[in-house]
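Shown below: structure.csv, with CSV, C-alpha atoms.
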chain,number,residue,atom,x,y,z
V,13,MET,CA,115.5,49.0,151.5
V,14,ALA,CA,112.5,47.1,150.1
V,15,ARG,CA,113.6,45.2,147.0
V,16,ASN,CA,110.5,43.2,146.1
V,17,LEU,CA,107.1,43.6,144.5
V,18,ILE,CA,103.8,41.7,144.5
V,19,GLY,CA,102.0,40.9,141.2
V,20,ILE,CA,98.4,39.8,140.9
V,21,ASP,CA,96.8,38.4,137.8
V,22,LEU,CA,93.1,38.2,138.5
V,23,GLY,CA,91.2,35.8,136.2
V,24,GLY,CA,87.7,34.6,136.0
V,25,THR,CA,88.6,31.1,137.2
V,26,THR,CA,92.0,31.5,138.9
V,27,THR,CA,93.9,34.3,140.6
V,28,LYS,CA,97.7,34.0,140.2
V,29,MET,CA,100.0,35.8,142.6
V,30,ALA,CA,103.8,36.2,142.9
V,31,PHE,CA,106.5,37.8,144.9
V,32,ILE,CA,108.9,39.3,142.4
V,33,THR,CA,112.2,41.2,142.7
V,34,VAL,CA,112.6,44.8,141.4
V,35,ASP,CA,114.7,43.1,138.6
V,36,GLY,CA,111.7,41.1,137.5
V,37,GLU,CA,112.7,37.7,138.9
V,38,ILE,CA,110.0,35.6,140.4
V,39,LEU,CA,110.8,34.5,144.0
V,40,THR,CA,107.6,32.5,144.6
V,41,LYS,CA,104.3,32.2,142.9
V,42,TRP,CA,101.0,30.5,143.7
V,43,SER,CA,97.3,30.7,142.7
V,44,ILE,CA,93.9,30.5,144.4
V,45,PRO,CA,90.4,29.9,142.9
V,46,THR,CA,88.5,33.0,142.0
V,47,GLU,CA,85.2,32.8,143.9
V,48,THR,CA,82.8,34.7,141.7
V,49,HIS,CA,79.6,33.8,143.6
V,50,ASP,CA,77.8,36.4,145.8
V,51,ASP,CA,78.5,39.1,143.1
V,52,GLY,CA,82.2,38.4,143.5
V,53,SER,CA,82.3,39.8,147.0
V,54,HIS,CA,84.8,37.2,148.2
V,55,ILE,CA,87.4,37.9,145.5
V,56,ILE,CA,89.4,40.8,147.1
V,57,PRO,CA,89.1,39.5,150.7
V,58,ASN,CA,90.5,36.1,149.5
V,59,ILE,CA,93.4,37.9,147.8
V,60,ILE,CA,94.3,39.9,150.9
V,61,LYS,CA,94.1,36.8,153.1
V,62,SER,CA,96.3,34.7,150.7
V,63,ILE,CA,99.0,37.4,150.4
V,64,ASN,CA,99.1,38.0,154.2
V,65,GLU,CA,99.4,34.3,154.7
V,66,HIS,CA,102.3,34.0,152.3
V,67,ILE,CA,104.1,37.0,153.8
V,68,THR,CA,103.7,35.4,157.2
V,69,SER,CA,104.9,32.0,156.2
V,70,SER,CA,108.0,33.4,154.3
V,71,GLU,CA,111.0,35.2,155.6
V,72,PHE,CA,109.5,38.5,154.4
V,73,THR,CA,107.6,41.2,156.2
V,74,THR,CA,105.4,43.9,154.6
V,75,ALA,CA,108.4,46.3,154.8
V,76,ASP,CA,110.2,44.1,152.3
V,77,PHE,CA,107.8,45.1,149.5
V,78,LEU,CA,107.5,48.3,147.5
V,79,GLY,CA,104.0,47.8,146.4
V,80,ILE,CA,101.4,45.7,144.6
V,81,GLY,CA,100.2,45.7,141.0
V,82,MET,CA,97.2,43.8,139.6
V,83,GLY,CA,95.8,43.0,136.2
V,84,VAL,CA,92.0,42.8,135.9
V,85,PRO,CA,89.7,41.4,133.1
V,86,GLY,CA,87.6,44.5,132.7
V,87,PRO,CA,87.7,48.3,132.3
V,88,VAL,CA,89.4,50.1,135.1
V,89,ASP,CA,89.6,53.6,136.5
V,90,ILE,CA,93.3,53.7,137.2
V,91,GLU,CA,93.3,57.2,138.9
V,92,ASN,CA,90.7,56.1,141.4
V,93,GLY,CA,91.8,52.5,141.7
V,94,THR,CA,88.5,51.0,140.8
V,95,VAL,CA,87.1,48.4,138.4
V,96,LEU,CA,84.1,49.7,136.5
V,97,PHE,CA,82.6,46.2,136.0
V,98,ALA,CA,83.9,42.7,135.1
V,99,VAL,CA,81.5,40.2,133.6
V,100,ASN,CA,83.9,37.3,134.2
V,101,LEU,CA,84.2,38.2,137.9
V,102,ASN,CA,80.4,38.7,138.4
V,103,TRP,CA,81.2,42.3,139.3
V,104,LYS,CA,78.2,44.2,138.0
V,105,THR,CA,79.0,47.5,139.7
V,106,ARG,CA,82.1,49.6,140.4
V,107,GLN,CA,84.5,47.9,142.8
V,108,ARG,CA,86.8,50.0,145.0
V,109,VAL,CA,89.7,47.6,144.8
V,110,ARG,CA,92.6,49.9,145.7
V,111,ASP,CA,91.0,51.0,148.9
V,112,GLN,CA,90.3,47.5,150.0
V,113,ILE,CA,93.8,46.1,149.2
V,114,GLN,CA,95.7,49.0,150.6
V,115,GLU,CA,93.7,48.8,153.8
V,116,GLY,CA,94.1,45.0,154.0
V,117,LEU,CA,97.8,44.9,153.2
V,118,GLY,CA,99.3,48.3,154.0
V,119,LEU,CA,101.0,48.6,150.7
V,120,GLN,CA,100.7,51.0,147.7
V,121,PHE,CA,98.5,49.5,145.0
V,122,ILE,CA,97.9,50.1,141.3
V,123,LEU,CA,95.8,48.2,138.8
V,124,ASP,CA,95.2,48.1,135.0
V,125,ASN,CA,93.4,46.0,132.4
V,126,ASP,CA,94.8,42.4,132.2
V,127,ALA,CA,95.9,42.7,128.5
V,128,ASN,CA,97.8,45.9,129.2
V,129,VAL,CA,99.4,44.2,132.2
V,130,ALA,CA,100.5,41.2,130.2
V,131,SER,CA,102.0,43.5,127.6
V,132,LEU,CA,104.1,45.2,130.3
V,133,GLY,CA,105.3,41.7,131.4
V,134,GLU,CA,106.5,40.8,127.9
V,135,TYR,CA,107.9,44.3,127.4
V,136,TRP,CA,109.9,44.1,130.7
V,137,LYS,CA,111.1,40.5,130.8
V,138,GLY,CA,109.8,38.7,127.7
V,139,ALA,CA,109.8,38.9,123.9
V,140,GLY,CA,109.8,42.7,123.9
V,141,GLU,CA,112.7,43.2,126.2
V,142,LYS,CA,115.1,46.0,125.2
V,143,ASP,CA,112.6,47.6,122.8
V,144,GLU,CA,110.8,50.9,123.6
V,145,ASP,CA,108.0,50.4,121.1
V,146,VAL,CA,106.1,47.1,121.4
V,147,VAL,CA,102.6,46.0,120.7
V,148,PHE,CA,101.2,42.9,122.4
V,149,VAL,CA,98.1,40.9,121.2
V,150,THR,CA,96.7,38.1,123.3
V,151,LEU,CA,94.6,35.4,121.6
V,152,GLY,CA,92.6,33.6,124.2
V,153,THR,CA,88.9,33.3,124.9
V,154,GLY,CA,88.8,36.8,123.5
V,155,VAL,CA,91.4,39.0,121.9
V,156,GLY,CA,93.1,41.7,123.9
V,157,GLY,CA,96.1,44.0,123.4
V,158,GLY,CA,98.4,46.6,124.8
V,159,VAL,CA,100.5,49.3,123.1
V,160,ILE,CA,103.8,50.5,124.5
V,161,ALA,CA,105.2,53.6,122.7
V,162,GLY,CA,108.5,55.2,123.7
V,163,GLY,CA,108.5,53.0,126.9
V,164,ARG,CA,105.0,54.2,127.9
V,165,LEU,CA,101.9,52.2,128.1
V,166,LEU,CA,99.1,53.9,126.1
V,167,HIS,CA,95.6,54.2,127.5
V,168,GLY,CA,93.9,56.8,125.3
V,169,VAL,CA,91.4,59.4,126.5
V,170,ASN,CA,89.0,56.8,127.8
V,171,GLY,CA,91.2,53.7,128.4
V,172,GLY,CA,90.4,52.3,125.0
V,173,ALA,CA,93.9,52.2,123.5
V,174,GLY,CA,95.2,48.8,122.5
V,175,GLU,CA,91.8,47.1,121.9
V,176,LEU,CA,93.1,45.1,119.0
V,177,GLY,CA,90.4,42.5,119.3
V,178,HIS,CA,87.9,45.1,118.0
V,179,VAL,CA,89.8,46.0,114.8
V,180,THR,CA,87.4,45.3,112.0
V,181,VAL,CA,88.7,42.6,109.7
V,182,GLN,CA,85.5,41.5,107.9
V,183,PRO,CA,83.0,44.3,107.2
V,184,ASN,CA,79.5,43.1,108.2
V,185,GLY,CA,81.0,39.9,109.6
V,186,TYR,CA,80.2,38.0,112.7
V,187,LEU,CA,78.4,39.9,115.4
V,188,CYS,CA,80.8,40.7,118.3
V,189,ASN,CA,79.9,41.0,122.0
V,190,CYS,CA,80.9,44.7,121.8
V,191,GLY,CA,77.9,45.3,119.5
V,192,LYS,CA,79.6,45.7,116.2
V,193,ARG,CA,80.4,43.3,113.4
V,194,GLY,CA,83.5,41.8,111.9
V,195,CYS,CA,85.9,42.2,114.9
V,196,LEU,CA,89.2,40.3,115.0
V,197,GLU,CA,88.1,38.7,118.2
V,198,GLN,CA,85.3,36.9,116.4
V,199,TYR,CA,87.9,35.2,114.0
V,200,ALA,CA,91.2,34.8,115.9
V,201,SER,CA,90.2,34.0,119.4
V,202,ALA,CA,89.9,30.4,120.6
V,203,THR,CA,86.1,30.6,120.3
V,204,GLY,CA,86.3,32.6,117.0
V,205,ILE,CA,88.4,29.9,115.4
V,206,VAL,CA,85.9,27.3,116.3
V,207,HIS,CA,83.1,29.4,114.8
V,208,VAL,CA,85.1,29.9,111.6
V,209,ALA,CA,85.7,26.1,111.4
V,210,ALA,CA,82.0,25.4,111.8
V,211,ASP,CA,81.0,27.7,109.0
V,212,MET,CA,83.7,26.5,106.6
V,213,ALA,CA,82.8,22.9,107.3
V,214,LYS,CA,79.2,23.5,105.9
V,215,ASP,CA,80.6,24.1,102.4
V,216,PHE,CA,83.5,21.6,102.5
V,217,LEU,CA,83.0,18.6,100.2
V,218,GLY,CA,86.3,16.8,100.6
V,219,THR,CA,87.7,14.2,103.1
V,220,SER,CA,88.6,15.7,106.5
V,221,ARG,CA,88.6,14.5,110.1
V,222,LEU,CA,87.6,18.1,111.1
V,223,LYS,CA,84.6,17.8,108.7
V,224,GLU,CA,83.6,14.5,110.3
V,225,MET,CA,83.8,16.0,113.8
V,226,GLU,CA,81.7,18.9,112.8
V,227,ASP,CA,79.1,16.7,111.1
V,228,ASN,CA,79.0,14.4,114.2
V,229,GLN,CA,78.7,17.5,116.5
V,230,GLU,CA,81.8,16.4,118.4
V,231,SER,CA,83.4,18.9,120.8
V,232,ILE,CA,86.0,20.9,118.9
V,233,THR,CA,88.7,23.3,120.2
V,234,SER,CA,91.1,25.7,118.5
V,235,LYS,CA,94.0,23.6,119.8
V,236,MET,CA,92.5,20.6,118.0
V,237,ILE,CA,92.1,22.5,114.8
V,238,PHE,CA,95.8,23.5,114.8
V,239,TYR,CA,96.7,19.9,115.6
V,240,LEU,CA,94.8,18.6,112.7
V,241,ALA,CA,96.3,21.3,110.4
V,242,ASP,CA,99.7,20.1,111.5
V,243,ASN,CA,98.8,16.6,110.5
V,244,GLY,CA,97.6,17.5,107.0
V,245,ASP,CA,93.9,17.9,107.4
V,246,ILE,CA,92.7,19.9,104.4
V,247,LEU,CA,89.8,21.7,106.1
V,248,ALA,CA,91.8,22.4,109.2
V,249,ASN,CA,94.5,24.0,107.0
V,250,GLN,CA,91.9,26.1,105.2
V,251,VAL,CA,90.6,27.3,108.6
V,252,VAL,CA,94.1,28.2,109.8
V,253,ASP,CA,94.7,30.0,106.5
V,254,ARG,CA,91.6,32.1,106.9
V,255,VAL,CA,92.2,32.9,110.6
V,256,THR,CA,95.8,33.9,110.0
V,257,TYR,CA,94.8,36.0,107.1
V,258,TYR,CA,92.5,38.1,109.4
V,259,LEU,CA,95.2,38.2,112.1
V,260,GLY,CA,98.0,39.2,109.7
V,261,LEU,CA,95.7,41.9,108.1
V,262,ALA,CA,94.9,43.4,111.5
V,263,LEU,CA,98.5,43.3,112.7
V,264,ALA,CA,99.7,44.9,109.4
V,265,ASN,CA,97.3,47.8,110.1
V,266,VAL,CA,98.7,48.2,113.6
V,267,ALA,CA,102.2,48.2,112.2
V,268,ASN,CA,101.2,50.8,109.5
V,269,ILE,CA,100.0,53.1,112.3
V,270,LEU,CA,102.6,52.5,115.0
V,271,ASN,CA,105.6,50.8,113.4
V,272,PRO,CA,106.7,49.1,116.7
V,273,ALA,CA,109.9,47.1,116.9
V,274,ASN,CA,107.9,44.0,117.7
V,275,ILE,CA,104.3,42.8,117.7
V,276,ILE,CA,104.2,40.0,120.2
V,277,ILE,CA,101.5,37.3,119.9
V,278,GLY,CA,100.5,35.6,123.2
V,279,GLY,CA,97.6,33.9,124.8
V,280,GLY,CA,96.5,30.2,124.6
V,281,VAL,CA,96.1,30.2,120.8
V,282,SER,CA,99.8,31.2,120.4
V,283,ASN,CA,100.8,27.8,121.7
V,284,ALA,CA,100.2,26.7,118.1
V,285,GLY,CA,103.7,28.1,117.5
V,286,ASN,CA,104.9,28.3,113.9
V,287,THR,CA,101.7,26.8,112.6
V,288,LEU,CA,100.1,30.2,113.6
V,289,LEU,CA,103.2,32.5,113.3
V,290,GLN,CA,104.4,31.6,109.7
V,291,PRO,CA,101.1,32.2,107.8
V,292,THR,CA,100.3,35.2,109.9
V,293,THR,CA,103.7,36.7,109.1
V,294,ARG,CA,103.1,36.0,105.4
V,295,TYR,CA,99.8,37.9,105.4
V,296,PHE,CA,101.3,40.6,107.6
V,297,GLN,CA,104.0,41.2,105.0
V,298,GLU,CA,101.5,41.3,102.2
V,299,ASN,CA,99.5,44.0,103.9
V,300,ALA,CA,102.0,46.1,105.7
V,301,PHE,CA,103.4,49.4,104.3
V,302,PRO,CA,107.0,48.6,103.2
V,303,ALA,CA,108.7,50.8,105.8
V,304,ALA,CA,106.7,49.0,108.5
V,305,ARG,CA,107.0,45.6,106.9
V,306,ASP,CA,110.8,45.8,106.8
V,307,THR,CA,111.3,46.9,110.5
V,308,THR,CA,108.4,45.5,112.5
V,309,LYS,CA,108.8,41.9,113.5
V,310,LEU,CA,106.1,39.4,114.6
V,311,ARG,CA,107.2,37.3,117.6
V,312,LEU,CA,105.6,34.7,119.9
V,313,ALA,CA,105.3,35.6,123.6
V,314,GLN,CA,107.9,34.1,125.9
V,315,LEU,CA,106.5,34.4,129.4
V,316,GLY,CA,103.4,32.2,129.1
V,317,ASN,CA,101.2,32.3,132.2
V,318,ASP,CA,103.8,34.4,134.1
V,319,ALA,CA,103.3,37.5,131.9
V,320,GLY,CA,100.4,38.7,134.0
V,321,VAL,CA,102.1,38.6,137.4
V,322,ILE,CA,105.4,40.0,136.1
V,323,GLY,CA,103.6,42.8,134.3
V,324,ALA,CA,101.5,43.5,137.4
V,325,ALA,CA,104.7,43.8,139.5
V,326,SER,CA,106.1,46.2,136.9
V,327,LEU,CA,103.1,48.4,137.4
V,328,ALA,CA,103.9,48.7,141.0
V,329,LEU,CA,107.6,49.5,140.2
V,330,ARG,CA,106.6,52.1,137.6
V,331,PHE,CA,104.2,53.7,140.2
V,332,GLN,CA,107.0,54.0,142.7
V,333,LYS,CA,109.3,55.6,140.1
V,334,THR,CA,106.8,58.3,139.2
V,335,ASN,CA,105.7,59.2,142.7
Structure rendered as structure tokens:
Amino acid sequence: MARNLIGIDLGGTTTKMAFITVDGEILTKWSIPTETHDDGSHIIPNIIKSINEHITSSEFTTADFLGIGMGVPGPVDIENGTVLFAVNLNWKTRQRVRDQIQEGLGLQFILDNDANVASLGEYWKGAGEKDEDVVFVTLGTGVGGGVIAGGRLLHGVNGGAGELGHVTVQPNGYLCNCGKRGCLEQYASATGIVHVAADMAKDFLGTSRLKEMEDNQESITSKMIFYLADNGDILANQVVDRVTYYLGLALANVANILNPANIIIGGGVSNAGNTLLQPTTRYFQENAFPAARDTTKLRLAQLGNDAGVIGAASLALRFQKTN
């Protein structure tokens, strides 16, 4: 009996893939560049070629796999196995991903949005393990999220459930790429944090290395801001305080509505660890309804870059169990 799964985490720069057991253990993992030129027409053929090569070079055959799951950075039509569009992949029109992959590999295939897939990974084998109600928020270039309630991933009527990056935290605030203003994504993503720092530096009058860097138009990253905050930079600490206020406020509203066991914070920004988690938790507790505050916990993600492939594999497993 087939005991393995294939997980694909399709990103704008790199595509990660893995062979994973039905118990969620990674057997082997690898990555290939995501070739987005020519309207992204090489992406799926490259994935098919790479997986076929890894099956051939291993002790496995196609019969050893139950199916394939994939996370995609864009809106998806799960029922029809298509990606509506994906700016980061240079896909401007609907892509019939399932048909191509099933034809190329001869295995059942299912896909979902990458943030949803990462949330499934943390739910299955990471910080949300053993809980049936989990919310995942990923802080990267943007802010994404996924909601699992009663063990089920929520999609909503049009696939829009879990879009935590577009919770409004500052009315009439920064203009977001989605078209509205004040979205969490514009304040707590890696790029949003840098934007907040640039604005706060304009009015800062004290001594600060971050202020010097802003004045000298040096390249600044969110990682650098948290590093400076850790090392006592006054402005950097003020930026972190403002960012974590917005994040804590947004997550408190999520808890007030859903009261999950855990809200898991992942993505590159979460590498700041307790420098991010502690003030966020403080603002979360100030803004959460007591019943939610006392039972919902904020936790850092555990799987790192493996969350996507593990969650994608779990998609394939869930598909097999429901069909």
### Message
Need to verify the contact set: segment 187-190 of chain V, 12 Å, all atoms listed in the file, exclusion of same-chain residues closer than 5 positions in sequence. Can you return it as an MDAnalysis selection string?
### Response
chainID V and resid 99 154:155 175 177:182 195:199 201 203:204 207
### Task
Mind giving me the straight-line distance from atom CA of Ile63 of chain V to atom CA of Val129 of chain V in Å, one decimal?
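So the two atoms, atom CA of Ile63 of chain V and atom CA of Val129 of chain V, lie 19.4 Å apart.
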### Task
Using atom CA of Trp103 of chain V and atom CA of Ile56 of chain V as the two end points, give the distance in Å to one decimal.
11.4 Å
Which residues of segment 70-99 of chain V come within 12 Å of segment 110-114 of chain V, and for each one, what is the closest pair of atoms and their distance in Å to one decimal, counting only C-alpha atoms, sorted by chain and residue number, as a tab-separated table?
residue	atom	partner	partner_atom	distance
V:Thr74	CA	V:Gln114	CA	11.7
V:Gly79	CA	V:Gln114	CA	9.4
V:Ile80	CA	V:Ile113	CA	8.9
V:Gly81	CA	V:Arg110	CA	9.9
V:Met82	CA	V:Arg110	CA	9.8
V:Val88	CA	V:Arg110	CA	11.1
V:Asp89	CA	V:Arg110	CA	10.4
V:Ile90	CA	V:Arg110	CA	9.3
V:Glu91	CA	V:Arg110	CA	10.0
V:Asn92	CA	V:Arg110	CA	7.8
V:Gly93	CA	V:Arg110	CA	4.8
V:Thr94	CA	V:Arg110	CA	6.5
V:Val95	CA	V:Arg110	CA	9.3
### Task
Select, from V:Gly172, V:Gly19, V:Val255, V:Gln297, the residue with the minimum atom-to-atom distance to Ala209 of chain V, counting all atoms listed in the file.
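Comparing V:Gly172, V:Gly19, V:Val255, V:Gln297 against Ala209 of chain V, the winner is V:Val255.
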Near segment 234-243 of chain V, counting only C-alpha atoms, which residues have an atom at most 9 Å away, once you skip same-chain residues fewer than 6 positions from it, shown as a tab-separated table (two decimals) with C-alpha atoms, in the coordinates of the input?
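Output file selection-v2.tsv is given in full below:
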chain	number	residue	atom	x	y	z
V	201	SER	CA	90.20	34.00	119.40
V	202	ALA	CA	89.90	30.40	120.60
V	203	THR	CA	86.10	30.60	120.30
V	204	GLY	CA	86.30	32.60	117.00
V	205	ILE	CA	88.40	29.90	115.40
V	206	VAL	CA	85.90	27.30	116.30
V	209	ALA	CA	85.70	26.10	111.40
V	221	ARG	CA	88.60	14.50	110.10
V	222	LEU	CA	87.60	18.10	111.10
V	249	ASN	CA	94.50	24.00	107.00
V	250	GLN	CA	91.90	26.10	105.20
V	251	VAL	CA	90.60	27.30	108.60
V	252	VAL	CA	94.10	28.20	109.80
V	280	GLY	CA	96.50	30.20	124.60
V	281	VAL	CA	96.10	30.20	120.80
V	283	ASN	CA	100.80	27.80	121.70
V	284	ALA	CA	100.20	26.70	118.10
V	287	THR	CA	101.70	26.80	112.60
V	288	LEU	CA	100.10	30.20	113.60
#### Entry: For Glu65 of chain V: contacts at 12 Å, only C-alpha atoms, fewer than 5 positions along chain excluded, given as a count of residues only
11
Return segment 195-211 of chain V, completed with N, CA and C atoms, as a PDB file, keeping the file's coordinate frame.
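Result file is part-v1.pdb:
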ATOM      1  N   CYS V 195      84.725  41.985 114.074  1.00  0.00           N
ATOM      2  CA  CYS V 195      85.900  42.200 114.900  1.00  0.00           C
ATOM      3  C   CYS V 195      86.879  41.041 114.834  1.00  0.00           C
ATOM      4  N   LEU V 196      88.152  41.346 114.941  1.00  0.00           N
ATOM      5  CA  LEU V 196      89.200  40.300 115.000  1.00  0.00           C
ATOM      6  C   LEU V 196      88.896  39.246 116.009  1.00  0.00           C
ATOM      7  N   GLU V 197      88.360  39.665 117.147  1.00  0.00           N
ATOM      8  CA  GLU V 197      88.100  38.700 118.200  1.00  0.00           C
ATOM      9  C   GLU V 197      87.144  37.593 117.780  1.00  0.00           C
ATOM     10  N   GLN V 198      86.280  37.869 116.833  1.00  0.00           N
ATOM     11  CA  GLN V 198      85.300  36.900 116.400  1.00  0.00           C
ATOM     12  C   GLN V 198      85.949  35.871 115.369  1.00  0.00           C
ATOM     13  N   TYR V 199      87.213  36.099 115.000  1.00  0.00           N
ATOM     14  CA  TYR V 199      87.900  35.200 114.000  1.00  0.00           C
ATOM     15  C   TYR V 199      89.166  34.618 114.535  1.00  0.00           C
ATOM     16  N   ALA V 200      89.860  35.299 115.452  1.00  0.00           N
ATOM     17  CA  ALA V 200      91.200  34.800 115.900  1.00  0.00           C
ATOM     18  C   ALA V 200      91.278  34.426 117.331  1.00  0.00           C
ATOM     19  N   SER V 201      90.182  34.560 118.071  1.00  0.00           N
ATOM     20  CA  SER V 201      90.200  34.000 119.400  1.00  0.00           C
ATOM     21  C   SER V 201      89.941  32.537 119.393  1.00  0.00           C
ATOM     22  N   ALA V 202      90.112  31.878 120.529  1.00  0.00           N
ATOM     23  CA  ALA V 202      89.900  30.400 120.600  1.00  0.00           C
ATOM     24  C   ALA V 202      88.454  30.097 120.162  1.00  0.00           C
ATOM     25  N   THR V 203      87.493  30.870 120.647  1.00  0.00           N
ATOM     26  CA  THR V 203      86.100  30.600 120.300  1.00  0.00           C
ATOM     27  C   THR V 203      85.803  31.049 118.851  1.00  0.00           C
ATOM     28  N   GLY V 204      86.448  32.118 118.403  1.00  0.00           N
ATOM     29  CA  GLY V 204      86.300  32.600 117.000  1.00  0.00           C
ATOM     30  C   GLY V 204      86.749  31.573 116.009  1.00  0.00           C
ATOM     31  N   ILE V 205      87.886  30.948 116.286  1.00  0.00           N
ATOM     32  CA  ILE V 205      88.400  29.900 115.400  1.00  0.00           C
ATOM     33  C   ILE V 205      87.485  28.769 115.223  1.00  0.00           C
ATOM     34  N   VAL V 206      86.882  28.361 116.321  1.00  0.00           N
ATOM     35  CA  VAL V 206      85.900  27.300 116.300  1.00  0.00           C
ATOM     36  C   VAL V 206      84.685  27.661 115.460  1.00  0.00           C
ATOM     37  N   HIS V 207      84.267  28.926 115.572  1.00  0.00           N
ATOM     38  CA  HIS V 207      83.100  29.400 114.800  1.00  0.00           C
ATOM     39  C   HIS V 207      83.470  29.429 113.300  1.00  0.00           C
ATOM     40  N   VAL V 208      84.659  29.889 112.957  1.00  0.00           N
ATOM     41  CA  VAL V 208      85.100  29.900 111.600  1.00  0.00           C
ATOM     42  C   VAL V 208      85.091  28.459 111.005  1.00  0.00           C
ATOM     43  N   ALA V 209      85.605  27.517 111.806  1.00  0.00           N
ATOM     44  CA  ALA V 209      85.700  26.100 111.400  1.00  0.00           C
ATOM     45  C   ALA V 209      84.272  25.556 111.118  1.00  0.00           C
ATOM     46  N   ALA V 210      83.324  25.867 112.001  1.00  0.00           N
ATOM     47  CA  ALA V 210      82.000  25.400 111.800  1.00  0.00           C
ATOM     48  C   ALA V 210      81.335  25.876 110.548  1.00  0.00           C
ATOM     49  N   ASP V 211      81.561  27.149 110.236  1.00  0.00           N
ATOM     50  CA  ASP V 211      81.000  27.700 109.000  1.00  0.00           C
ATOM     51  C   ASP V 211      81.655  27.158 107.765  1.00  0.00           C
TER      52      ASP V 211
END
